[in-house]
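Working notes, structure below.
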Amino acid sequence: MTERPAFAYVTYIESTPEKVWHALTDPELTAAYWGHSNVSDWRTGSPWEHQRTDGSGIADVVGLVVESAPPRRLVTTWAEPGEEPPGGPSTVTFGIEAYGGIVRLTVTHENLADEAERAAAAGGWAAVLSNLKTLLETGSPLPEEPWHMPAS
């Protein structure tokens, strides 16, 4: 059995663990910085959906809440709607740690299908988490959606 790719990203945010947790789990806030609403009751075992904000209700990513320990840790599975991918869904872990007036947010995306999916996750998470950090620190997301910026 070969090990599947994983990606980890760490950022530091001037905020509290409660505000970071809220920003990760509130549908309106996720829509503001992510372009999708994360929808769930966030209880362990519950489903969650990454829904488009165009009013269609279409979920581009779905999964289950594996672990929910507000405001410190959230673990979810990630997959496209429909059939389960070979090797199972990927898993995303959000670790939230306070240190004085800042928070260290560590996002680990594991069990990715291949190197191409790992590279896509790396670019996507960097853009989304930069937008989250900006929103929490300034009250507004970045003026442009960073995931649309062409690669150089």
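By convention here, the chains of the structure tokens are called A, B, ... in the order presented, each chain's residues are numbered starting at 1, and ligands are numbered starting at 1 in the order presented.
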So that I can see what lies close to stretch 40-44 of chain A, please list as a JSON list (two decimals) with all heavy atoms, in the first residue's frame the residues with an atom at most 9 Å from it, counting only C-alpha atoms and leaving out residues fewer than 3 positions away in the same chain.
[["chain", "number", "residue", "atom", "x", "y", "z"],
["A", 25, "THR", "N", -17.07, 27.84, 10.07],
["A", 25, "THR", "CA", -18.30, 27.06, 10.13],
["A", 25, "THR", "C", -19.58, 27.85, 9.84],
["A", 25, "THR", "O", -20.64, 27.24, 9.71],
["A", 25, "THR", "CB", -18.45, 26.40, 11.52],
["A", 25, "THR", "OG1", -18.46, 27.42, 12.53],
["A", 25, "THR", "CG2", -17.31, 25.42, 11.79],
["A", 26, "ASP", "N", -19.51, 29.14, 9.73],
["A", 26, "ASP", "CA", -20.70, 29.95, 9.46],
["A", 26, "ASP", "C", -20.90, 30.09, 7.95],
["A", 26, "ASP", "O", -20.00, 30.56, 7.25],
["A", 26, "ASP", "CB", -20.55, 31.33, 10.10],
["A", 26, "ASP", "CG", -21.78, 32.18, 9.87],
["A", 26, "ASP", "OD1", -22.75, 32.02, 10.62],
["A", 26, "ASP", "OD2", -21.77, 32.98, 8.91],
["A", 27, "PRO", "N", -22.06, 29.69, 7.43],
["A", 27, "PRO", "CA", -22.28, 29.75, 5.98],
["A", 27, "PRO", "C", -22.11, 31.14, 5.36],
["A", 27, "PRO", "O", -21.56, 31.28, 4.27],
["A", 27, "PRO", "CB", -23.72, 29.26, 5.79],
["A", 27, "PRO", "CG", -24.04, 28.50, 7.03],
["A", 27, "PRO", "CD", -23.22, 29.12, 8.13],
["A", 47, "PRO", "N", -23.39, 15.29, 8.15],
["A", 47, "PRO", "CA", -22.91, 15.66, 6.82],
["A", 47, "PRO", "C", -22.58, 17.15, 6.76],
["A", 47, "PRO", "O", -23.06, 17.93, 7.59],
["A", 47, "PRO", "CB", -24.10, 15.32, 5.91],
["A", 47, "PRO", "CG", -25.29, 15.43, 6.78],
["A", 47, "PRO", "CD", -24.84, 15.04, 8.17],
["A", 48, "TRP", "N", -21.76, 17.53, 5.81],
["A", 48, "TRP", "CA", -21.50, 18.94, 5.53],
["A", 48, "TRP", "C", -21.42, 19.09, 4.02],
["A", 48, "TRP", "O", -21.15, 18.14, 3.29],
["A", 48, "TRP", "CB", -20.24, 19.45, 6.24],
["A", 48, "TRP", "CG", -18.96, 19.11, 5.54],
["A", 48, "TRP", "CD1", -18.26, 17.94, 5.62],
["A", 48, "TRP", "CD2", -18.27, 19.92, 4.59],
["A", 48, "TRP", "NE1", -17.17, 17.99, 4.81],
["A", 48, "TRP", "CE2", -17.15, 19.19, 4.16],
["A", 48, "TRP", "CE3", -18.48, 21.19, 4.07],
["A", 48, "TRP", "CZ2", -16.24, 19.70, 3.23],
["A", 48, "TRP", "CZ3", -17.58, 21.69, 3.15],
["A", 48, "TRP", "CH2", -16.47, 20.94, 2.74],
["A", 49, "GLU", "N", -21.69, 20.30, 3.54],
["A", 49, "GLU", "CA", -21.64, 20.61, 2.12],
["A", 49, "GLU", "C", -20.94, 21.95, 1.89],
["A", 49, "GLU", "O", -21.11, 22.88, 2.67],
["A", 49, "GLU", "CB", -23.04, 20.67, 1.51],
["A", 49, "GLU", "CG", -23.75, 19.36, 1.48],
["A", 49, "GLU", "CD", -25.07, 19.42, 0.72],
["A", 49, "GLU", "OE1", -25.61, 20.54, 0.54],
["A", 49, "GLU", "OE2", -25.55, 18.36, 0.32],
["A", 64, "LEU", "N", -18.38, 14.28, 5.65],
["A", 64, "LEU", "CA", -18.88, 14.07, 7.00],
["A", 64, "LEU", "C", -17.99, 14.79, 7.99],
["A", 64, "LEU", "O", -16.78, 14.93, 7.77],
["A", 64, "LEU", "CB", -18.90, 12.58, 7.34],
["A", 64, "LEU", "CG", -19.85, 11.70, 6.55],
["A", 64, "LEU", "CD1", -19.65, 10.24, 6.92],
["A", 64, "LEU", "CD2", -21.30, 12.12, 6.81],
["A", 65, "VAL", "N", -18.57, 15.20, 9.09],
["A", 65, "VAL", "CA", -17.81, 15.77, 10.20],
["A", 65, "VAL", "C", -17.28, 14.59, 11.00],
["A", 65, "VAL", "O", -18.04, 13.85, 11.62],
["A", 65, "VAL", "CB", -18.68, 16.70, 11.07],
["A", 65, "VAL", "CG1", -17.88, 17.23, 12.24],
["A", 65, "VAL", "CG2", -19.28, 17.83, 10.24],
["A", 66, "VAL", "N", -15.97, 14.40, 10.97],
["A", 66, "VAL", "CA", -15.32, 13.29, 11.66],
["A", 66, "VAL", "C", -15.08, 13.63, 13.12],
["A", 66, "VAL", "O", -15.24, 12.80, 14.01],
["A", 66, "VAL", "CB", -13.99, 12.93, 10.97],
["A", 66, "VAL", "CG1", -13.23, 11.85, 11.72],
["A", 66, "VAL", "CG2", -14.22, 12.53, 9.52],
["A", 67, "GLU", "N", -14.69, 14.88, 13.38],
["A", 67, "GLU", "CA", -14.43, 15.34, 14.74],
["A", 67, "GLU", "C", -14.78, 16.81, 14.82],
["A", 67, "GLU", "O", -14.45, 17.59, 13.92],
["A", 67, "GLU", "CB", -12.96, 15.14, 15.09],
["A", 67, "GLU", "CG", -12.59, 15.53, 16.49],
["A", 67, "GLU", "CD", -11.11, 15.33, 16.79],
["A", 67, "GLU", "OE1", -10.42, 14.59, 16.06],
["A", 67, "GLU", "OE2", -10.64, 15.94, 17.77],
["A", 68, "SER", "N", -15.45, 17.20, 15.89],
["A", 68, "SER", "CA", -15.83, 18.59, 16.10],
["A", 68, "SER", "C", -15.59, 18.93, 17.56],
["A", 68, "SER", "O", -16.29, 18.45, 18.45],
["A", 68, "SER", "CB", -17.31, 18.78, 15.74],
["A", 68, "SER", "OG", -17.69, 20.12, 15.89],
["A", 69, "ALA", "N", -14.56, 19.76, 17.79],
["A", 69, "ALA", "CA", -14.21, 20.18, 19.15],
["A", 69, "ALA", "C", -14.03, 21.69, 19.18],
["A", 69, "ALA", "O", -12.91, 22.19, 19.18],
["A", 69, "ALA", "CB", -12.94, 19.46, 19.60],
["A", 74, "LEU", "N", -11.41, 20.79, 14.06],
["A", 74, "LEU", "CA", -12.49, 20.33, 13.19],
["A", 74, "LEU", "C", -11.87, 19.42, 12.14],
["A", 74, "LEU", "O", -10.89, 19.80, 11.49],
["A", 74, "LEU", "CB", -13.18, 21.52, 12.52],
["A", 74, "LEU", "CG", -14.30, 21.20, 11.53],
["A", 74, "LEU", "CD1", -15.48, 20.51, 12.23],
["A", 74, "LEU", "CD2", -14.77, 22.47, 10.83],
["A", 75, "VAL", "N", -12.44, 18.22, 11.98],
["A", 75, "VAL", "CA", -11.96, 17.27, 10.98],
["A", 75, "VAL", "C", -13.16, 16.86, 10.13],
["A", 75, "VAL", "O", -14.20, 16.47, 10.66],
["A", 75, "VAL", "CB", -11.33, 16.01, 11.63],
["A", 75, "VAL", "CG1", -10.79, 15.06, 10.55],
["A", 75, "VAL", "CG2", -10.23, 16.40, 12.61]]
Write out as a list in words each polymer residue whose atoms come within 8 Å of stretch 60-62 of chain A, counting only C-alpha atoms; drop sequence neighbours fewer than 6 positions from it.
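Using only C-alpha atoms, the neighbours found are Pro47, Trp48, Glu49, His50, Gln51, Arg52, Thr77, Trp78, Ala79, Glu80 and Pro81 of chain A.
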Compile the contact shell of A:His22 as a PyMOL selection string: residues with an atom at most 12 Å away, counting only C-alpha atoms, same-chain residues fewer than 3 positions apart removed.
chain A and resi 15-19+25-30+38+42+70-74+96+132+136
Which of stretch 15-59 of chain A counts as helix (DSSP H, G or I) under DSSP, as a ChimeraX atom specification please?
/A:17-25,27-34
Taking only C-alpha atoms into account, name the residue in A:Gly101, A:Asn131, A:Ser37, A:Thr93 that is nearest to A:Ser56.
A:Ser37
Compile the contact shell of A:Thr11 as a ChimeraX atom specification: residues with an atom at most 10 Å away, counting only C-alpha atoms, same-chain residues fewer than 6 positions apart removed.
/A:103-107,126,129-130,133
May I have the residues from that selection written out with C-alpha atoms, as a PDB file, in the first residue's frame?
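Saved as result_15.pdb:
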ATOM      1  CA  VAL A 103      -4.219  32.230  16.504  1.00  0.00           C
ATOM      2  CA  ARG A 104      -2.160  29.636  14.698  1.00  0.00           C
ATOM      3  CA  LEU A 105      -4.435  27.947  12.163  1.00  0.00           C
ATOM      4  CA  THR A 106      -3.045  24.700  10.760  1.00  0.00           C
ATOM      5  CA  VAL A 107      -4.902  23.079   7.874  1.00  0.00           C
ATOM      6  CA  ALA A 126      -3.224  29.326   0.184  1.00  0.00           C
ATOM      7  CA  LEU A 129      -6.744  31.040   3.974  1.00  0.00           C
ATOM      8  CA  SER A 130      -5.197  34.350   2.872  1.00  0.00           C
ATOM      9  CA  LYS A 133      -6.958  35.994   7.420  1.00  0.00           C
TER      10      LYS A 133
END
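Separating atom CA of A:Glu144 from atom CA of A:Thr91 is a distance of 27.9 Å.
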Assign secondary structure with DSSP using the backbone only, and return the residues of stretch 30-124 of chain A in strand (DSSP E or B) as a ChimeraX atom specification.
/A:36-39,47-52,59-69,73-79,90-99,102-110
Could you pull the residues within 8 Å of A:Ala113, counting only C-alpha atoms, minus those fewer than 3 positions along the same chain, as a list in words?
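The residues that qualify are Arg4, Pro5, Gly87, Ser90, Glu117 and Arg118 of chain A.
You can rank A:Tyr12, A:Gly63, A:Ala31, A:Leu142 by their closest distance to A:Glu83 using only C-alpha atoms, and at the top of that list sits A:Gly63.
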Tell me which protein, DNA and RNA residues are within 12 Å of A:Ala151, counting only C-alpha atoms, leaving out same-chain ones fewer than 5 positions away, and put them as number ranges by chain.
A: 120, 123-124, 127, 146
With N, CA, C and O atoms kept, could you save the residues just selected as a PDB file, in the first residue's frame?
ATOM      1  N   ALA A 120      -3.099  21.161  -6.566  1.00  0.00           N
ATOM      2  CA  ALA A 120      -4.331  21.959  -6.622  1.00  0.00           C
ATOM      3  C   ALA A 120      -4.769  22.364  -5.212  1.00  0.00           C
ATOM      4  O   ALA A 120      -5.177  23.505  -4.979  1.00  0.00           O
ATOM      5  N   GLY A 123      -2.515  25.271  -3.862  1.00  0.00           N
ATOM      6  CA  GLY A 123      -2.891  26.579  -4.393  1.00  0.00           C
ATOM      7  C   GLY A 123      -4.223  27.061  -3.854  1.00  0.00           C
ATOM      8  O   GLY A 123      -4.377  28.234  -3.504  1.00  0.00           O
ATOM      9  N   GLY A 124      -5.177  26.166  -3.758  1.00  0.00           N
ATOM     10  CA  GLY A 124      -6.495  26.543  -3.264  1.00  0.00           C
ATOM     11  C   GLY A 124      -6.489  26.960  -1.807  1.00  0.00           C
ATOM     12  O   GLY A 124      -7.065  27.985  -1.434  1.00  0.00           O
ATOM     13  N   ALA A 127      -4.908  30.441  -1.188  1.00  0.00           N
ATOM     14  CA  ALA A 127      -5.803  31.539  -1.557  1.00  0.00           C
ATOM     15  C   ALA A 127      -6.925  31.714  -0.539  1.00  0.00           C
ATOM     16  O   ALA A 127      -7.206  32.826  -0.074  1.00  0.00           O
ATOM     17  N   PRO A 146      -8.657  35.584  -4.746  1.00  0.00           N
ATOM     18  CA  PRO A 146      -7.280  35.204  -5.053  1.00  0.00           C
ATOM     19  C   PRO A 146      -7.141  33.935  -5.866  1.00  0.00           C
ATOM     20  O   PRO A 146      -6.161  33.766  -6.577  1.00  0.00           O
TER      21      PRO A 146
END
Atom pair atom CA of A:Gly95 / atom CA of A:His109: separation (Å):
11.5 Å
